[in-house]
Each structure stands twice: as C-alpha cells, then as structure tokens.
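Enquirer: What follows is a structure written as structure tokens; I'll ask about it next.
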Amino acid sequence: MAVFDERLRATAEGIVARYPQPRSALLPLLYMVQAKQGFVTREGMQEVGRLLGLTTAEVEAVATYYTMFKKHPTGRWVVSVCTNVSCALAGGRRLYDRAKEALGTGSTEVTEDGALTLEEVECLGACDAAPVVQVNYCNYDRVTEDRLLEMLDGLRNDHVPEPSRGPTPMPHDRTALLLAGLGDEDG
Amino acid sequence: MADFEPVLTARWGRDGADGIDGYLESGGYEGLKKALAMSPQDVIEAVKSSGLRGRGGAGFPTGMKWDFIPKDHPGPVYVVCNADEGEPGTFKDRELLERDPHQLIEGIAIASYAVGCRQAFVYLRGEFLYPGLQLERALGEAHDRGFLGQGIAGSDVDLDIVLHRGAGSYECGEETALLESLEGKRGQPRLRPPFPAVEGLYRSPTVINNVETLSTVPHIVDRGADWFSSIGPEKSTGTKIFCLSGKVARPGNYEAPMGTPAREIIDDLAGGVPNGKAIKAWTPGGSSTPFLTPDHLETPMDFESISAVGSLLGTGAVIVLDEADCVVDAALRFTQFYAHESCGKCTPCREGTWWLTKILYRMENGGGRLDDLQVLQDVGDNMLFKNFCALGDGAVSPIHSSLKYFRDEYVEHVKRGGCPLEERPAVTAAEPREAGATGVVELGEVLR
C-alpha cells in the first residue's frame, strides 16, 4: 500500500477501533488520505476500501457525497466565503465576487502557484459575524473586501493571518489530520 | 424579562469556563452526580416533567424520546448528539461548543445514564474546526477527571463519548441521514418507521438529541423539573438561545425565556434594525421556517404561538430583512441552498429545488412571467410532505410564505423586468451553480 504505509495503517486501525463497526471509520480514513495525498485520490480510495472490506465503488460513492473531500489537487489554503442570506445581507456575495475576480476563474479549483483554492460555501454557522470567511476551516469574522484581498495576498506567500478565535490555520493537508481526529498524533 | 437569569449561557465570557476547572468551580458536573444517585427512570421522568422539547428544530419532547428506548433491550443502546448545525441563520450550537463544551458532555452523560448507553457519539459538522478542538480537549479532561471512562463520577457506570466529524453536508443534520453518515455511508435519510428509538445506529435503539437540548439537561437535573417548567409557557418550557442575524444592530446569540415576544428579542436584545429602516420580513427559526412580517412581531417566541401564526419556531434563528431588501432575492438564495444540499434521494425534492431555483433566478433577473407565481406555488405543493425527510418541506417555506405576504413584490419583478429594489445583496448570488463532488461547476451559462 502506497498511501497507508505501516505506520499509517496502525493509525487507521486505531481509528477503526473507536467504533463498533469498521465502516464507521470511512470518513476519518478519507481525511487521512487527504492529509497524505492532498486530496482524495483513486489510489487512496482503493486502499481505504481494502482496509475496511469495502469495494472502491462503495468508498467513492461516499467520498463524492461530501464537499470537504476534495477530488482534485487543492491549494494549501482553502478560502471559503459564505454567500447564504445572513452573510449576503452583510456583503458576502460581493466579497466572493471580488476574491474570484482577483484570483481568476481557475481559483475555484486551485491557483496556478498551488497556494489557494477559493470556494463559495453555504451557511457556516457563524452568522453573528457576517460576512464570514474560513481559511482551512478557521473563522474570520466580519471580513471586508479590502481585508480579504490582503489576506489572499498574504496566504500566497504562506503568511497566515490570525483568525478571530481558535488556532492559526495549518496547511490544508495538515488540517485533514485534525479532521480525522488525530490532533495529538503525528499521523 | 427583567429578572431573567441566563442558564445555558451563564458561563459565557467567564475566564476559563471552557476548561474543566472553571466548569467545576461554577457547579459543573453536579447535575451528573445527582442523576447518578437517581434511578435511570427517575431521570427520564424528571426530564419529561420539565417539559423540555428538542432545540434542533422539531421540538419533540425530550423525555418522551428517552422513554421510547426499550428498557429490556439485550444489545447496546446509543445516544448520539447532533452537532451538525447547518440551518442557515443558526449558530447557537457552535458557540455552546466553543464556550462551554463540558456542559454538553455532562448532558450527554446524563442522557446516556438514563437510557443505558455505554458508548455515545457526537456527530459534529466538519467545518466546525475550533468547536471540535474545544470539545476534543474537554473530552480528554473529562476522562482524566473520571467523568468519562470506567465508573464515571465515582459510580459503577461506564461511558465513552466518540467525537465523529462530518465532511460537509447539511442533510446530515437530519437524524436518519446523520446515522447513515455515522455508519460510513452517504448521508441520505431512512424510511420511518422504524424510528431510531427502535432501530437507529447499527440497528440498535438510539436517542438523537441536539447540542442545545443536551446542554440544558444538567440544569434540569440539578435545579429540578419544576424550576425549569416555571420558565416560559406551559407547552414550551424553559429558556432558549435565539440566534439573531441579518439587519439587526447587534447580531448574536441571546438567551431568553421561551415565549418572549419577537419584538423584544429583535429590538431590546439585538438593538433593532439599524439605519432607521423598518423590518420587512423575518424568519423565526431559520431558512426552513416560513417568513413572517412586522404584523407578527408581538408573537411570543414559542412552539405553539409561532405555529399559530403559520410558521415554525425551528432553531430560533431570527434572520431579519429590512424594507430595502428584496424578498424574492432572499427566497432565491435560500432555494439555491436547498438545491445544493438536497441529497437527491427523493424526486420531488431533488427536481423541485432545481426548478424553483431556475424560476426564481429568472424572475430576479428580468425574465419572470406572471404565470410563474402559480408555477412556484404548484411546484411547492408537489414537494410538500412527499419526501423521506423534511429538507424539501423546508425548501418550500420561504417560497410559499413570500408569495403569501409579498405577492406584490413578485408582480413588480415581472412588470419591471427584474428586481425593483435598491438592495439585492444575495442576488448576483443567484447564478445557479452546482458545488458538487468535483468542485464548483458554474451552470449560469447553461441556464440562461
């Protein structure tokens, strides 16, 4: 196995052991693939299937259902802009449009330098701080257009702005380890 | 409301209240200790007589849900906390997790003791990174101090709580879709019956409760069912966190007794509409609850009173639009949300949300026809109560309610060949899109 070497396999087995049934570990294991490969690769899905006794089709059916599993190479910094109503009322739509204009259309997959992925997202559950932006799922409250452009400029050079609360964002692959529930482990 | 003392949010803003020491200093885990000294059935009876109803949107009596769990079940029984908060306008569970994670853990422990669960789960939406880290840390602390693990709080009861993160799907907040997702499948709803109390997680009896619901439980056990039921109206007891967003001066979470009039919550707590503008429309409980108007502002915010005026209390998420905001535009953006989040299992929801999006987009951008008003009504009628879950019903709410109260505004869109209002914040928003498995695909060109 190329994705799950011996060490990662042991980690994966630890995740499987959290649950009464192995298949429940599918989402965290897909996050592990994302952490190792940068996105959910075909190879990764095949290996996860073998680890859990599922067909690749079963794994792919799940992986393609959820928006946080990326099926293509993704920037180190995934920038998510909420444009649902509470954020739109505070300028969230204009925010997204400005960012897209600044980064170019291709940025909804990944910018040419590999630094950024721009996403328009649904309600992030932080409407008191509208308009809300996340960088690798860390929240930035009441973001203005100028502030967002400044953030994007910085992120291109891995200058990561301090979020409104919680830890400073880590690169997208490292973030996937946290999402797999491996915050304290090396992965 | 003058003498109201916050309960659920009492620790917010206190230094260190999110850690176990701060939690214990402020009376934390006392409810659990009291519960463990009672019989499980007495705990259930206490929650039943408190009148607590689910805070995740549906308002089902919590104690009754617990009591549905078979007492003689030979296999495992599960408690699952629904922390997949995603209803647009709702952000109370996030703040409860960030600021007082132990309160939730204590509630889960009490619920687990009451129904005989030895392994509980928290299904947390993936985008809640910091809330998840807070909860993870708190779970570790609770283990270290003996409130989780073997013999919790000095009793002979064992309990573990597993934190499980989702990966981006509103539908997983629907309880049976949540169970599917927790079992490692696509998050699509199940046919009911059987209900989760009979066949839930791994086909075992399962209680599924919202974060706010479970966070309320320790206080009920600690201070008594009578204390709780003395707050608010008879059928909607206790305190509730209301999420205020949109055109209010001070957006935020505000705890108030159930039954507090909407006007007090919007004006007194959230500072009213800024810039001297008037309210045009508001949702009492998120995007899935029908819009109400200024005529309804004296309505008490409780399950019965809001139902009586034709909407739903939902999650208590009040989104305010002012007189300059376009209701058609807001309905469009909500509908776009449902089209994006529909899991695709049921035809009326999957297809209906797309057609509604296309029609509203056309109307907002100058291509509307008078016939469209009837088509919107009809498509909605053909979606209501025809799906496995309530997502499709929620999608109809903003459309039917806006047609009911703001018909003139729709007609004006047709006559003027587009939006007549100055503020169309979501509008440009409105380019139909599909953010699917392979990333965002722009469909605007296709649909024009």
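Following the order of the structure tokens, chains are lettered A, B, ..., residues in each are numbered from 1, and ligands are numbered from 1.
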Show me, as a ChimeraX atom specification, the residues that have an atom within 9 Å of region 245-262 of chain B when counting only C-alpha atoms, minus same-chain residues fewer than 3 positions from it.

Expert: /A:85-90,126-130 /B:1,4-9,89-92,95,231-233,236-242,265-267,269-275,279,284,296-303,305,317-322

Enquirer: Need to verify the contact set: region 53-70 of chain A, 8 Å, only C-alpha atoms, exclusion of same-chain residues closer than 4 positions in sequence. Can you return it as a short mmCIF file (atom, residue, chain, number, x, y, z; two decimals) with N, CA and C atoms, in the first residue's frame?

Expert:
```
data_model
loop_
_atom_site.label_atom_id
_atom_site.label_comp_id
_atom_site.auth_asym_id
_atom_site.auth_seq_id
_atom_site.Cartn_x
_atom_site.Cartn_y
_atom_site.Cartn_z
N LEU A 26 -14.91 5.19 7.88
CA LEU A 26 -14.68 5.60 6.49
C LEU A 26 -14.39 7.10 6.35
N LEU A 27 -15.19 7.95 6.98
CA LEU A 27 -14.95 9.39 6.83
C LEU A 27 -13.58 9.79 7.40
N LEU A 30 -10.85 8.69 5.02
CA LEU A 30 -10.75 9.53 3.82
C LEU A 30 -10.03 10.84 4.14
N TYR A 31 -10.25 11.36 5.34
CA TYR A 31 -9.47 12.54 5.77
C TYR A 31 -7.98 12.20 5.84
N GLN A 34 -6.61 12.40 2.45
CA GLN A 34 -6.48 13.81 2.09
C GLN A 34 -5.24 14.43 2.74
N PHE A 39 -5.45 15.36 -1.60
CA PHE A 39 -6.87 15.22 -1.93
C PHE A 39 -7.21 13.73 -1.93
N VAL A 40 -8.48 13.42 -2.13
CA VAL A 40 -8.89 12.01 -2.07
C VAL A 40 -8.62 11.37 -3.43
N MET A 45 -8.65 5.81 -2.25
CA MET A 45 -9.97 5.20 -2.06
C MET A 45 -9.89 3.68 -2.14
N GLN A 46 -9.05 3.19 -3.06
CA GLN A 46 -8.88 1.74 -3.18
C GLN A 46 -8.31 1.14 -1.89
N VAL A 48 -8.39 2.45 1.17
CA VAL A 48 -9.36 2.55 2.25
C VAL A 48 -10.38 1.42 2.13
N GLY A 49 -10.79 1.13 0.90
CA GLY A 49 -11.72 0.03 0.67
C GLY A 49 -11.15 -1.29 1.17
N THR A 74 -5.69 20.56 -4.44
CA THR A 74 -6.27 21.70 -3.76
C THR A 74 -5.15 22.59 -3.24
N GLY B 126 -18.06 19.04 9.95
CA GLY B 126 -16.62 19.12 9.72
C GLY B 126 -16.09 20.54 9.73
N ALA B 167 -18.35 15.80 6.92
CA ALA B 167 -17.43 16.26 5.88
C ALA B 167 -18.11 17.21 4.88
N GLY B 168 -19.10 17.95 5.37
CA GLY B 168 -19.73 18.93 4.50
C GLY B 168 -21.02 18.42 3.89
N SER B 169 -22.11 18.51 4.65
CA SER B 169 -23.43 18.12 4.14
C SER B 169 -24.49 18.56 5.14
N GLY B 184 -20.75 5.43 8.06
CA GLY B 184 -19.79 5.43 6.95
C GLY B 184 -20.44 5.36 5.58
N LYS B 185 -21.64 5.89 5.49
CA LYS B 185 -22.35 5.86 4.21
C LYS B 185 -22.66 7.28 3.73
N ARG B 186 -23.24 7.39 2.53
CA ARG B 186 -23.74 8.68 2.09
C ARG B 186 -24.82 9.14 3.06
N GLY B 187 -24.85 10.44 3.32
CA GLY B 187 -25.82 10.94 4.29
C GLY B 187 -27.18 11.14 3.67
N ALA B 435 -22.25 23.04 -6.61
CA ALA B 435 -20.98 22.74 -5.96
C ALA B 435 -21.02 21.27 -5.62
N GLY B 436 -20.59 20.46 -6.52
CA GLY B 436 -20.75 19.03 -6.34
C GLY B 436 -19.44 18.37 -6.00
N ALA B 437 -19.42 17.11 -6.30
CA ALA B 437 -18.31 16.27 -5.91
C ALA B 437 -16.99 16.76 -6.49
N THR B 438 -17.04 17.28 -7.69
CA THR B 438 -15.78 17.62 -8.33
C THR B 438 -15.48 19.11 -8.22
N GLY B 439 -16.11 19.76 -7.28
CA GLY B 439 -15.86 21.18 -7.11
C GLY B 439 -17.00 21.99 -7.69
#
```

Enquirer: Which of chain A end up as alpha helix (DSSP H) when DSSP is run on this backbone - answer as a PyMOL selection string?

Expert: chain A and resi 6-16+26-37+42-52+56-63+85-88+92-103+145-156+172-179

Enquirer: Which of these, A:Ser24, A:Arg76, A:Asn84, A:Asp153, has the shortest distance to Val132 (chain A) once you count only C-alpha atoms?

Expert: A:Asn84

Enquirer: Which residues are near Lys65 (chain B)? Cut-off 12 Å, only C-alpha atoms, ignore same chain within fewer than 3 positions. Put them as a CSV table (one decimal) with C-alpha atoms, in the first residue's frame.

Expert:
```csv
chain,number,residue,atom,x,y,z
B,44,ILE,CA,-36.3,10.3,32.5
B,45,GLU,CA,-39.4,11.3,34.5
B,47,VAL,CA,-36.8,15.5,32.0
B,48,LYS,CA,-40.4,14.6,31.0
B,51,GLY,CA,-41.4,19.8,29.6
B,52,LEU,CA,-38.1,20.2,27.7
B,53,ARG,CA,-38.6,20.0,24.0
B,54,GLY,CA,-35.9,19.4,21.4
B,59,GLY,CA,-39.5,20.4,19.2
B,60,PHE,CA,-40.2,16.8,20.1
B,61,PRO,CA,-40.5,16.2,23.9
B,62,THR,CA,-37.0,15.1,25.0
B,68,PHE,CA,-39.2,5.3,23.9
B,69,ILE,CA,-35.9,3.3,24.3
B,70,PRO,CA,-36.8,-0.2,25.2
B,79,VAL,CA,-27.0,8.2,22.4
B,111,ALA,CA,-28.8,11.1,28.8
B,114,ALA,CA,-31.0,7.5,31.7
B,115,VAL,CA,-31.3,5.2,28.7
B,195,PHE,CA,-37.8,5.2,14.2
B,196,PRO,CA,-34.3,5.5,15.6
B,197,ALA,CA,-35.6,4.7,19.1
B,198,VAL,CA,-36.3,1.2,17.8
B,205,PRO,CA,-32.2,1.7,19.8
B,206,THR,CA,-30.8,5.2,19.6
B,207,VAL,CA,-31.6,8.6,21.1
B,208,ILE,CA,-30.6,11.6,18.9
B,209,ASN,CA,-30.6,15.0,20.6
B,213,THR,CA,-31.1,20.2,24.2
```

Enquirer: With a distance cut-off of 12 Å and only C-alpha atoms, select the neighbouring residues of Ser164 (chain A), excluding the residue or stretch itself and same-chain residues fewer than 2 positions from it, and output the selection as a PyMOL selection string.

Expert: (chain A and resi 126+129+132-135+137-143+161-162+166-169) or (chain B and resi 130)

Enquirer: Point out the residue among B:Ala278, B:Ser288, B:Val414, B:Ala17 with the least atom-to-atom distance to His400 (chain B), counting only C-alpha atoms.

Expert: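 The answer is B:Ser288, which sits nearest to His400 (chain B).
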
Enquirer: Might you pull out every residue within 12 Å of Thr11 (chain A), with only C-alpha atoms counted and same-chain residues fewer than 2 positions away left off, and present them as a list in words?

Expert: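 Using only C-alpha atoms, the neighbours found are Phe4, Asp5, Glu6, Arg7, Leu8, Arg9, Glu13, Gly14, Ile15, Val16, Ala17, Arg18, Ala25, Pro28, Leu29, Met32, Leu51, Leu177, Ala180, Gly181, Leu182, Asp184, Glu185, Asp186 and Gly187 of chain A.
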
Enquirer: Rounded to one decimal, what separation in Å do you get between CA of Arg190 (chain B) and CA of Phe388 (chain B)?

Expert: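 We find that CA of Arg190 (chain B) and CA of Phe388 (chain B) lie 6.8 Å from each other.
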
Enquirer: Pick the closest to Leu124 (chain A) from A:Thr144, A:Thr41, A:Ser107, A:Ser80: which is it, counting only C-alpha atoms?

Expert: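 Closest residue, counting only C-alpha atoms: A:Ser80.
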
Enquirer: Please compute the CA of Cys81 (chain B)-CA of Leu163 (chain B) distance, one decimal, in Å.

Expert: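 Those two atoms sit 9.5 Å apart.
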
Enquirer: Show me, as a ChimeraX atom specification, the residues that have an atom within 9 Å of Ser287 (chain B) when counting only C-alpha atoms, minus same-chain residues fewer than 2 positions from it.

Expert: /A:85 /B:87-89,283-285,289-291,317,319,331,334,394-395,397-398

Enquirer: Taking the chain letters and numbering used in this document, name the residues of region 35-159 of chain B that DSSP puts in strand (DSSP E), as a count of residues only.

Expert: 12

Enquirer: Using only C-alpha atoms, determine which residues lie at most 10 Å from Glu409 (chain B), disregarding the query and same-chain residues fewer than 4 positions distant; provide the list as a count of residues only.

Expert: 12

Enquirer: Just checking: using only C-alpha atoms, which residue out of B:Cys117, B:Ile161, B:Leu36, B:Ile152 ends up closest to chain A?

Expert: B:Ile161
